[in-house]
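A.B. asks: So that we are looking at the same thing, I have put the structure below in structure tokens.
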Amino acid sequence: MQPLSKQDVNKHSLTRCRQIMKCDKTLCPAYYRRDTACWHVPKTLCGHHGESANFRKFEQCLTCPVFKNSAESDPRGWNNVVADEVRQFINKNFNSTEVLKLQNDLHLAERKYQRLFEGSKDLIYIAYKNGNFIDVNNACVDILGYSCKEELLSLDSVKKLYDKITHWELFKRQIDRDGFVKDFEALFRKKNGSRIHCLLSGNAVRNNDGEIIGYQGIAKDITARTDAIRNFYQRHRELWVLNSVAFAMNATHDLDVILMTALEKALKVLNLTSGGIFLIDYDKSTFVLRAKQGLPENAKGQTDQIQLCDELLMGALLRKELFLDPEPIFPVFKAVLKGENNKLTELICFLITAKEKACGFIALDVPKGKDLTTGHDFHLLGSLGNFLGGAIENTQLVETIRRHREELKELTAMLFQSQEMERRRIARELHDEVGQALTGINFTLETIEKVAVKEPDRIHAHILEIKNQINRTYQEMRRLSHHLHPAILSDLGLEPAMDAYLNHISKHSSLQIDFKMVGFRERVDLNIESVLYRLSQEALTNTLKHARATQFKLSIIKSYPNIIFLAQDNGIGFDSARFMGNTHTLGLLSMRERAAMLGGKFTLKTAKEEGVRIRIEIPIKEESADD
């Protein structure tokens, strides 16, 4: 027997299966019996059947594609068709004993099918082409929330089970085209009006002529899986928005950039086009728009001040003394924004808070029909409000620290300048006042020496001792004056002052000093010269006191746009990790502050037994020495 195509099966009637199957067994008892279906004749050559195994012949016929298609397409349903065919088969071919046995087998088969149909956990329905019910299983009744099968069947049409009629139409259209549907996603509506997501499969019910007369559908409830996927997607969206804000916070401390990033990502996720972020200015008792997209503008190109619909809430938010208990999300409120030509835009607002204080709010232009007051979007905006509160507070703290650092830098500069000015004043006074006084005393003593005639040797010895003391005092005053502020630095410049200072150190120590200045064709700003001189003093003093070094190298290089200061020794060094806590590094801290005062960069490289290397870069400020 040759294979049979589905198309061949569908276009032929039940009683012509021998011709359809192209059977060539002419000796078969059923071959010429055109009035009887093949499966009604037990003694055929289709299989090896003995006379006592007649029913096994019919069992094989149940798998015949012609019989299967005819039974499934019959509006009576598979059970009724099989039952009728079995009765005809039994009446024509079996005695009473065999009939009883076959009836028992038939009842078993019917009960087995009924258990499969009713025992299925999936929703199953059978309906005519117009949608009228043929049958439904108990799972369909339970899943859709009806009390009994009769209540559900009283709806008359299966179309009433679908949440969207388009799903039923698509289901029908695909079966009419292909004969079946597999894993078609559809929404069904329960008795209480709620919706369930289902994965729908189905096939056509045909008549004896192969025409579609109905549909059978099997739907698996995937609501829990769909909700899980939706929740996962929602969490992904929340993390995407928050991660974008966190990335902006990591990349910059500019609050406007952070707020604009948060607004753009939130609008994109919520599928909105316009909104803004307002912060509270407690000093001016107003709301300041810091980020906006798509909001209306007035003639000046700026959005007007926003007004909250709840005046009591508006007054409360603008008070500094308002404290809020921390909440995952606060209730939404409404506001209006007046744009060009006094056009009003109503906005839905979500509060931004940080540590019991209101910072501002996110205002969104939400179209009618879209609800942001419940569900995942509501919680997303609540999370964003809390996250932005922390970002705003962090940015404000960073700005405060930056401002305080600038103030500290200015105060440090003023301190060093005052210190330098005081040194200059003391140096001048020592030179002018004390030096002149000592010189006058010396002249007086010389006069006394000239007029003393009595005991000349004794008087001469005393006067000589006084002169020596005065001379030593004068030299000490000169040394102190030079240390406080060498006159040569102001008069001749940095390089002569450094040469004089380093030559003096070389004469009174065993340290080998290598000094050079490169690129200084003209003098630089006097303040910079003073700082470079003090930096050199600090570096050399540290080397002499702590380094136990034999060599010291100092280079001052003018390389636009910076002056590079390099100091290095071959001493014992120290642990750079203890730089801030070592009392011996106070001079280094002073050097760092002096460099910062001029906007310079201080770098220290050292380790135990590896010496110390200091590099300072100071921006060049060209000025005449007389300024």
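In the structure tokens, chains take letters A, B, ... by order of appearance, with residues numbered from 1 within each chain and ligands from 1 in the order shown.
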Using only C-alpha atoms, determine which residues lie at most 8 Å from stretch 354-357 of chain A, disregarding the query and same-chain residues fewer than 4 positions distant; provide the list as a ChimeraX atom specification.

C.D. replies: /A:322-326,386,389-390,393

A.B. asks: What's the 8 Å shell around A:Gln551, counting only C-alpha atoms, without same-chain residues fewer than 4 positions away, as a list of chain:residue names?

C.D. replies: A:Leu511, A:Gln512, A:Ile513, A:Asp514, A:Asp569, A:Asn570, A:Gly571

A.B. asks: Mind running stretch 215-264 of chain A against stretch 174-198 of chain A at 10 Å and telling me each contacting residue's nearest atom pair with the distance in Å (one decimal), counting only C-alpha atoms, chain and number ascending, as a tab-separated table?

C.D. replies:
```
residue	atom	partner	partner_atom	distance
A:Tyr215	CA	A:Ile175	CA	8.1
A:Gln216	CA	A:Phe180	CA	9.2
A:Gly217	CA	A:Val181	CA	8.7
A:Ile218	CA	A:Cys198	CA	9.4
A:Ala219	CA	A:Cys198	CA	5.7
A:Lys220	CA	A:Cys198	CA	5.2
A:Asp221	CA	A:Cys198	CA	4.5
A:Ile222	CA	A:Cys198	CA	5.2
A:Thr223	CA	A:His197	CA	4.6
A:Ala224	CA	A:His197	CA	8.4
A:Arg225	CA	A:His197	CA	8.9
A:Thr226	CA	A:His197	CA	7.1
A:Asp227	CA	A:His197	CA	9.1
```

A.B. asks: Pull N, CA and C atoms from the residues just selected and write them as a PDB file, in the first residue's frame.

C.D. replies:
```
ATOM      1  N   TYR A 215     -13.385  24.424  15.241  1.00  0.00           N
ATOM      2  CA  TYR A 215     -12.008  24.567  15.720  1.00  0.00           C
ATOM      3  C   TYR A 215     -11.892  23.950  17.115  1.00  0.00           C
ATOM      4  N   GLN A 216     -10.739  23.376  17.345  1.00  0.00           N
ATOM      5  CA  GLN A 216     -10.415  22.890  18.681  1.00  0.00           C
ATOM      6  C   GLN A 216      -9.187  23.641  19.178  1.00  0.00           C
ATOM      7  N   GLY A 217      -9.282  24.223  20.371  1.00  0.00           N
ATOM      8  CA  GLY A 217      -8.180  24.992  20.923  1.00  0.00           C
ATOM      9  C   GLY A 217      -7.729  24.462  22.263  1.00  0.00           C
ATOM     10  N   ILE A 218      -6.425  24.454  22.472  1.00  0.00           N
ATOM     11  CA  ILE A 218      -5.837  24.065  23.755  1.00  0.00           C
ATOM     12  C   ILE A 218      -4.946  25.227  24.204  1.00  0.00           C
ATOM     13  N   ALA A 219      -5.291  25.817  25.350  1.00  0.00           N
ATOM     14  CA  ALA A 219      -4.576  27.001  25.835  1.00  0.00           C
ATOM     15  C   ALA A 219      -3.893  26.692  27.165  1.00  0.00           C
ATOM     16  N   LYS A 220      -2.608  27.007  27.246  1.00  0.00           N
ATOM     17  CA  LYS A 220      -1.835  26.836  28.483  1.00  0.00           C
ATOM     18  C   LYS A 220      -1.711  28.188  29.159  1.00  0.00           C
ATOM     19  N   ASP A 221      -2.073  28.260  30.429  1.00  0.00           N
ATOM     20  CA  ASP A 221      -1.998  29.508  31.194  1.00  0.00           C
ATOM     21  C   ASP A 221      -0.530  29.849  31.488  1.00  0.00           C
ATOM     22  N   ILE A 222      -0.047  30.938  30.895  1.00  0.00           N
ATOM     23  CA  ILE A 222       1.344  31.372  31.115  1.00  0.00           C
ATOM     24  C   ILE A 222       1.374  32.745  31.799  1.00  0.00           C
ATOM     25  N   THR A 223       0.300  33.068  32.534  1.00  0.00           N
ATOM     26  CA  THR A 223       0.236  34.376  33.189  1.00  0.00           C
ATOM     27  C   THR A 223       1.401  34.573  34.156  1.00  0.00           C
ATOM     28  N   ALA A 224       1.692  33.548  34.964  1.00  0.00           N
ATOM     29  CA  ALA A 224       2.781  33.674  35.937  1.00  0.00           C
ATOM     30  C   ALA A 224       4.113  33.896  35.231  1.00  0.00           C
ATOM     31  N   ARG A 225       4.325  33.152  34.134  1.00  0.00           N
ATOM     32  CA  ARG A 225       5.573  33.315  33.399  1.00  0.00           C
ATOM     33  C   ARG A 225       5.648  34.695  32.748  1.00  0.00           C
ATOM     34  N   THR A 226       4.532  35.162  32.200  1.00  0.00           N
ATOM     35  CA  THR A 226       4.506  36.490  31.584  1.00  0.00           C
ATOM     36  C   THR A 226       4.753  37.577  32.609  1.00  0.00           C
ATOM     37  N   ASP A 227       4.131  37.428  33.785  1.00  0.00           N
ATOM     38  CA  ASP A 227       4.356  38.411  34.850  1.00  0.00           C
ATOM     39  C   ASP A 227       5.816  38.414  35.288  1.00  0.00           C
TER      40      ASP A 227
END
```

A.B. asks: Go through stretch 151-201 of chain A and collect every residue that DSSP, computed from the backbone, puts in alpha helix (DSSP H); the answer should be as a count of residues only.

C.D. replies: 17

A.B. asks: What is the distance, in Å and to one decimal place, between atom CA of A:Asn69 and atom CA of A:Val82?

C.D. replies: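 Going from atom CA of A:Asn69 over to atom CA of A:Val82, I get 11.9 Å.
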
A.B. asks: For each of A:Asp575, A:Asp122, A:Asp457, A:Glu495, take the minimum atom-to-atom distance to A:Arg523, counting only C-alpha atoms, then give the residue where this is smallest.

C.D. replies: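 Result for the nearest residue to A:Arg523: A:Glu495.
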
A.B. asks: How far is it from atom CA of A:Thr412 to atom CA of A:Gly600, in Å with one decimal?

C.D. replies: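 One can read the atom CA of A:Thr412 to atom CA of A:Gly600 distance as 13.6 Å.
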
A.B. asks: Taking into account only C-alpha atoms, which residue in the set A:Glu264, A:Glu446, A:Glu538, A:Asp256 is nearest to A:Trp240?

C.D. replies: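 Ranking A:Glu264, A:Glu446, A:Glu538, A:Asp256 by distance to A:Trp240, first place goes to A:Glu264.
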